[in-house]
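Student: File follows, input_17.csv with CSV, C-alpha atoms:
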chain,number,residue,atom,x,y,z
T,25,MET,CA,-27.6,25.5,94.4
T,26,ALA,CA,-30.2,27.8,95.8
T,27,ALA,CA,-30.4,31.2,94.0
T,28,ASN,CA,-29.3,33.4,96.9
T,29,LEU,CA,-26.8,31.9,99.3
T,30,VAL,CA,-25.0,34.4,101.5
T,31,VAL,CA,-22.1,34.0,103.9
T,32,LEU,CA,-21.1,36.7,106.5
T,33,ILE,CA,-17.6,36.3,107.9
T,34,LEU,CA,-17.0,38.2,111.1
T,35,GLY,CA,-13.3,38.7,111.6
T,36,VAL,CA,-11.1,38.5,108.5
T,37,GLY,CA,-7.3,38.1,108.5
T,38,PRO,CA,-4.9,36.9,105.8
T,39,ARG,CA,-5.2,33.2,106.6
T,40,ILE,CA,-8.5,31.8,107.9
T,41,GLY,CA,-10.9,34.6,107.1
T,42,SER,CA,-9.6,35.3,103.6
T,43,SER,CA,-9.4,31.6,102.7
T,44,VAL,CA,-12.9,31.0,103.9
T,45,ALA,CA,-14.2,34.0,101.9
T,46,GLU,CA,-12.4,32.7,98.8
T,47,LYS,CA,-13.8,29.2,99.1
T,48,PHE,CA,-17.4,30.3,99.6
T,49,ALA,CA,-17.1,32.8,96.7
T,50,SER,CA,-15.9,30.0,94.5
T,51,ASP,CA,-18.9,27.9,95.6
T,52,GLY,CA,-21.3,30.6,94.4
T,53,TYR,CA,-22.0,32.4,97.6
T,54,LYS,CA,-22.4,36.1,97.9
T,55,VAL,CA,-19.8,37.1,100.5
T,56,ALA,CA,-19.7,39.8,103.2
T,57,VAL,CA,-16.8,40.3,105.5
T,58,ALA,CA,-16.5,42.4,108.6
T,59,SER,CA,-13.3,43.6,110.3
T,60,ARG,CA,-11.7,46.6,111.9
T,61,SER,CA,-10.3,47.6,108.4
T,62,GLY,CA,-13.6,47.2,106.6
T,63,SER,CA,-14.3,49.9,103.9
T,64,GLY,CA,-18.1,50.0,103.9
T,65,THR,CA,-18.0,49.2,100.1
T,66,LYS,CA,-17.9,46.3,97.7
T,67,THR,CA,-14.6,45.1,96.4
T,68,ALA,CA,-13.9,44.5,92.7
T,69,GLU,CA,-14.7,40.9,93.3
T,70,GLY,CA,-18.1,41.8,94.7
T,71,VAL,CA,-17.3,41.1,98.3
T,72,LEU,CA,-19.1,43.4,100.7
T,73,SER,CA,-16.5,44.9,103.2
T,74,LEU,CA,-17.9,46.1,106.5
T,75,LYS,CA,-16.2,47.9,109.3
T,76,ALA,CA,-16.7,46.3,112.7
T,77,ASP,CA,-15.6,46.5,116.4
T,78,PHE,CA,-16.2,43.2,118.1
T,79,ALA,CA,-15.3,44.6,121.4
T,80,ASN,CA,-18.7,46.3,121.2
T,81,PRO,CA,-21.3,43.6,120.9
T,82,ASP,CA,-24.0,46.2,120.3
T,83,SER,CA,-22.5,47.0,116.9
T,84,VAL,CA,-23.1,43.4,115.6
T,85,PRO,CA,-26.8,43.6,114.6
T,86,ALA,CA,-26.1,46.4,112.1
T,87,LEU,CA,-23.8,44.2,110.2
T,88,PHE,CA,-26.6,41.7,109.5
T,89,ASP,CA,-28.9,44.6,108.4
T,90,ALA,CA,-26.2,45.8,106.0
T,91,VAL,CA,-25.9,42.4,104.4
T,92,LYS,CA,-29.7,42.2,104.0
T,93,ALA,CA,-29.8,45.6,102.4
T,94,GLU,CA,-26.9,44.8,100.0
T,95,PHE,CA,-27.9,41.2,99.0
T,96,GLN,CA,-31.6,41.3,99.7
T,97,SER,CA,-31.2,38.3,102.0
T,98,PHE,CA,-29.8,37.6,105.5
T,99,PRO,CA,-26.8,35.3,105.5
T,100,ASN,CA,-27.6,31.6,105.7
T,101,VAL,CA,-24.0,30.9,106.8
T,102,VAL,CA,-22.3,33.0,109.5
T,103,VAL,CA,-18.6,32.5,110.4
T,104,TYR,CA,-17.2,34.0,113.5
T,105,ASN,CA,-13.5,34.2,113.2
T,106,ALA,CA,-12.5,37.2,115.4
T,107,ALA,CA,-10.4,36.6,118.5
T,108,SER,CA,-8.5,38.6,121.1
T,109,ILE,CA,-5.6,37.9,123.5
T,110,THR,CA,-4.2,40.1,126.3
T,111,PRO,CA,-1.0,38.7,127.8
T,112,PRO,CA,-0.4,39.3,131.5
T,113,PRO,CA,1.6,42.5,132.1
T,114,ASP,CA,3.5,40.7,134.9
T,115,LYS,CA,4.9,37.6,133.3
T,116,ASP,CA,5.1,36.0,136.7
T,117,SER,CA,1.5,36.5,137.6
T,118,VAL,CA,-1.2,35.2,135.2
T,119,LEU,CA,-3.9,37.0,137.1
T,120,SER,CA,-2.3,40.4,136.6
T,121,ILE,CA,-4.4,41.0,133.5
T,122,PRO,CA,-6.7,44.0,134.3
T,123,ALA,CA,-10.3,43.2,134.6
T,124,GLU,CA,-11.3,45.6,131.9
T,125,SER,CA,-9.0,43.7,129.5
T,126,VAL,CA,-10.6,40.4,130.5
T,127,ALA,CA,-14.0,42.0,129.8
T,128,SER,CA,-13.0,43.4,126.5
T,129,ASP,CA,-11.5,40.0,125.3
T,130,LEU,CA,-14.7,38.2,126.5
T,131,ASN,CA,-16.7,40.6,124.4
T,132,ILE,CA,-14.7,39.6,121.3
T,133,ASN,CA,-14.3,35.9,122.1
T,134,THR,CA,-17.8,35.2,123.6
T,135,ILE,CA,-20.4,38.0,123.7
T,136,SER,CA,-20.1,39.3,120.2
T,137,PRO,CA,-20.4,35.8,118.7
T,138,TYR,CA,-23.4,35.1,120.9
T,139,VAL,CA,-25.1,38.2,119.6
T,140,ALA,CA,-24.1,37.2,116.1
T,141,ALA,CA,-25.8,33.8,116.7
T,142,GLN,CA,-29.0,35.6,117.9
T,143,GLN,CA,-28.9,37.7,114.7
T,144,ALA,CA,-28.3,34.6,112.6
T,145,ILE,CA,-31.5,33.0,113.9
T,146,ARG,CA,-33.4,36.2,113.3
T,147,GLY,CA,-32.3,36.1,109.7
T,148,TRP,CA,-32.7,32.3,109.3
T,149,GLU,CA,-36.4,32.6,110.2
T,150,THR,CA,-36.9,34.6,107.0
T,151,LEU,CA,-35.2,32.2,104.7
T,152,PRO,CA,-36.7,29.3,102.7
T,153,LYS,CA,-37.0,26.1,104.8
T,154,GLU,CA,-34.8,24.2,102.4
T,155,THR,CA,-31.9,26.6,102.6
T,156,LYS,CA,-29.2,25.1,104.8
T,157,LYS,CA,-28.3,27.3,107.8
T,158,SER,CA,-25.0,27.2,109.7
T,159,PHE,CA,-23.2,29.2,112.4
T,160,ILE,CA,-19.4,28.3,112.4
T,161,TYR,CA,-17.1,29.5,115.2
T,162,THR,CA,-13.4,29.3,114.8
T,163,GLY,CA,-12.3,27.5,117.9
T,164,ASN,CA,-9.2,25.7,119.1
T,165,ILE,CA,-8.2,23.0,121.7
T,166,LEU,CA,-8.5,25.3,124.7
T,167,ASN,CA,-12.1,24.3,125.4
T,168,VAL,CA,-11.0,20.8,126.3
T,169,SER,CA,-7.3,21.3,127.3
T,170,ILE,CA,-6.0,23.6,129.9
T,171,LEU,CA,-2.5,24.6,128.7
T,172,PRO,CA,-0.2,26.2,131.3
T,173,LEU,CA,0.5,29.2,129.1
T,174,PRO,CA,-0.4,32.5,130.7
T,175,HIS,CA,-0.9,34.5,127.5
T,176,TYR,CA,-3.7,32.1,126.6
T,177,LEU,CA,-5.8,32.9,129.7
T,178,ASN,CA,-8.3,35.3,128.2
T,179,LEU,CA,-8.5,33.3,125.0
T,180,GLY,CA,-9.1,30.1,126.8
T,181,MET,CA,-11.9,31.6,128.9
T,182,GLY,CA,-13.6,32.9,125.8
T,183,LYS,CA,-13.2,29.7,123.7
T,184,SER,CA,-14.5,27.5,126.6
T,185,ALA,CA,-17.5,29.7,127.3
T,186,SER,CA,-18.4,29.9,123.6
T,187,ALA,CA,-18.0,26.1,123.1
T,188,PHE,CA,-20.6,25.6,125.8
T,189,TRP,CA,-23.3,27.8,124.4
T,190,ILE,CA,-22.6,26.6,120.8
T,191,GLY,CA,-23.1,23.0,121.9
T,192,VAL,CA,-26.3,23.8,123.7
T,193,ALA,CA,-27.6,25.9,120.7
T,194,ASP,CA,-26.8,23.0,118.2
T,195,ALA,CA,-28.8,20.6,120.3
T,196,SER,CA,-31.6,23.0,121.0
T,197,TYR,CA,-32.2,24.1,117.3
T,198,SER,CA,-31.4,20.7,115.6
T,199,ALA,CA,-35.1,20.0,115.0
T,200,ARG,CA,-35.2,23.2,112.9
T,201,LYS,CA,-32.0,22.2,111.1
T,202,PHE,CA,-30.2,25.2,112.4
T,203,ARG,CA,-26.6,24.0,112.9
T,204,PHE,CA,-24.0,25.5,115.2
T,205,PHE,CA,-20.3,24.4,115.0
T,206,TYR,CA,-17.2,24.9,117.1
T,207,ALA,CA,-14.5,24.2,114.5
T,208,ASP,CA,-11.1,23.2,115.7
T,209,GLU,CA,-8.2,22.3,113.4
T,210,ARG,CA,-5.8,19.8,115.0
T,211,GLN,CA,-2.6,18.0,114.2
T,212,ALA,CA,-3.0,14.4,113.0
T,213,ASP,CA,-2.4,13.1,116.5
T,214,GLY,CA,-5.0,15.4,118.0
T,215,LYS,CA,-2.6,17.9,119.5
T,216,LEU,CA,-2.9,21.7,119.3
T,217,ILE,CA,-2.3,23.0,115.8
T,218,GLY,CA,-1.1,26.4,117.0
T,219,ALA,CA,0.7,28.6,114.4
T,220,ALA,CA,0.7,25.8,111.9
T,221,LEU,CA,-3.0,26.2,111.2
T,222,ASP,CA,-4.0,26.1,107.5
T,223,GLY,CA,-6.3,28.7,106.0
T,224,PRO,CA,-7.4,26.8,102.9
T,225,ALA,CA,-8.1,23.7,105.1
T,226,HIS,CA,-10.5,25.9,107.1
T,227,GLY,CA,-12.2,27.0,103.9
T,228,GLU,CA,-12.7,23.5,102.7
T,229,PHE,CA,-14.0,22.2,106.0
T,230,TYR,CA,-16.2,25.2,106.6
T,231,ALA,CA,-17.8,24.6,103.2
T,232,GLN,CA,-18.5,21.0,104.3
T,233,LEU,CA,-20.1,22.2,107.5
T,234,ALA,CA,-22.3,24.7,105.6
T,235,ASN,CA,-23.5,21.9,103.4
T,236,HIS,CA,-24.3,19.8,106.5
T,237,GLU,CA,-22.2,16.9,105.2
T,238,GLU,CA,-21.4,13.7,107.0
T,239,ASN,CA,-23.5,14.6,110.1
T,240,VAL,CA,-20.5,16.3,111.8
T,241,PRO,CA,-21.2,17.1,115.5
T,242,TRP,CA,-21.1,20.6,117.0
T,243,HIS,CA,-17.6,19.9,118.3
T,244,ALA,CA,-16.1,19.8,114.8
T,245,THR,CA,-12.5,18.8,115.2
T,246,PHE,CA,-10.7,18.4,111.8
T,247,VAL,CA,-7.4,17.6,110.2
T,248,LYS,CA,-6.1,19.1,107.0
T,249,GLY,CA,-6.8,16.7,104.1
T,250,LYS,CA,-9.0,14.5,106.2
T,251,GLY,CA,-11.9,16.6,107.3
T,252,TYR,CA,-13.7,15.7,110.5
T,253,VAL,CA,-11.8,13.5,112.9
T,254,GLN,CA,-13.0,12.7,116.4
T,255,PHE,CA,-10.5,12.9,119.2
T,256,LYS,CA,-10.9,11.8,122.8
Starting from the file, give its structure as structure tokens.
Tutor:
Amino acid sequence: MAANLVVLILGVGPRIGSSVAEKFASDGYKVAVASRSGSGTKTAEGVLSLKADFANPDSVPALFDAVKAEFQSFPNVVVYNAASITPPPDKDSVLSIPAESVASDLNINTISPYVAAQQAIRGWETLPKETKKSFIYTGNILNVSILPLPHYLNLGMGKSASAFWIGVADASYSARKFRFFYADERQADGKLIGAALDGPAHGEFYAQLANHEENVPWHATFVKGKGYVQFK
């Protein structure tokens, strides 16, 4: 393993984010996490905890600079795991969500990860050529399936938009071996995993993506215990 592998996880909760952090730490990575509850210090385990507001995309570049200052390297792996949902205030009118709430959710679901990808590239250009470089976005089925669930409206817009630019980025930067993934855990039959998602399964799969194993495509659908599974 290279001497200085670093992962930055943007958006850390008790399931996916924490599990991904634990997996990468066990694989020898230096780990930085960013969330609304970040402390600005390192934990006893050596994890750099940063405070972040992903509703404000302009705040994202400073997170990368903080990682560089602490670990003397930009992250070679960036995981975007933050997400936001605003349910319609009128349950009988899906378009009753205020425009400012739509904009705020799009900042979190699409614009901030886009800025993070820009910053990832800025950092990757300073890293050794042989270091594997990956941007992993925690997605779901909403980029390919329109579910008639009003509370998913803003989330679906954001996931769909992000899936598009991630797919374009992966194709555009493939010659430089910069990989971009839209990771989507599914049930074994390909249906929406929903609340049954598995944190450790994300950790295992994200580690595989970071290692560029098995030539997984940008639309990285996976099943717990199986890894990448293509669904049509």
Student: Would you please work out which residue, of T:Glu237, T:Glu209, T:Glu46, T:Glu94, is nearest to Ala225 in chain T when using only C-alpha atoms?
Tutor: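 Answer, going by the shortest atom-to-atom distance: T:Glu209.
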Student: Which polymer residues have any atom within 9 Å of an atom of Pro111 in chain T, counting only C-alpha atoms, with same-chain residues fewer than 6 positions away left out, as an MDAnalysis selection string?
Tutor: chainID T and resid 118 121 174:178
Student: Mind giving me the straight-line distance from CA of Arg60 in chain T to CA of Asp77 in chain T in Å, one decimal?
Tutor: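 Computing the Euclidean distance for CA of Arg60 in chain T and CA of Asp77 in chain T yields 6.0 Å.
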Student: Between CA of Lys54 in chain T and CA of Glu238 in chain T, what is the spacing in Å?
Tutor: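 Separation of CA of Glu238 in chain T and CA of Lys54 in chain T: 24.2 Å.
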Student: By how many Å are CA of Val253 in chain T and CA of Val103 in chain T apart?
Tutor: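 Between these atoms lies a distance of 20.3 Å.
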Student: Within 10 Å of Leu179 in chain T, counting all atoms listed in the file, which residues show up once you throw out same-chain ones fewer than 4 positions away? Write them as a PyMOL selection string, please.
Tutor: chain T and resi 107-111+126+129-130+132-134+163-164+166-167+174-175+183-185
Student: Would you kindly return, as a compact mmCIF listing (two decimals) with C-alpha atoms, keeping the file's coordinate frame, each protein, DNA or RNA residue with an atom no farther than 7 Å from any atom of range 241-245 of chain T, considering all atoms listed in the file and excluding same-chain residues fewer than 5 positions away?
Tutor:
# COMPACT_ATOMS: atom_id res chain seq x y z
CA GLY T 191 -23.10 23.00 121.90
CA ASP T 194 -26.80 23.00 118.20
CA PHE T 204 -24.00 25.50 115.20
CA PHE T 205 -20.30 24.40 115.00
CA TYR T 206 -17.20 24.90 117.10
CA ALA T 207 -14.50 24.20 114.50
CA ASP T 208 -11.10 23.20 115.70
CA GLU T 209 -8.20 22.30 113.40
CA ARG T 210 -5.80 19.80 115.00
CA TYR T 252 -13.70 15.70 110.50
CA VAL T 253 -11.80 13.50 112.90
CA GLN T 254 -13.00 12.70 116.40
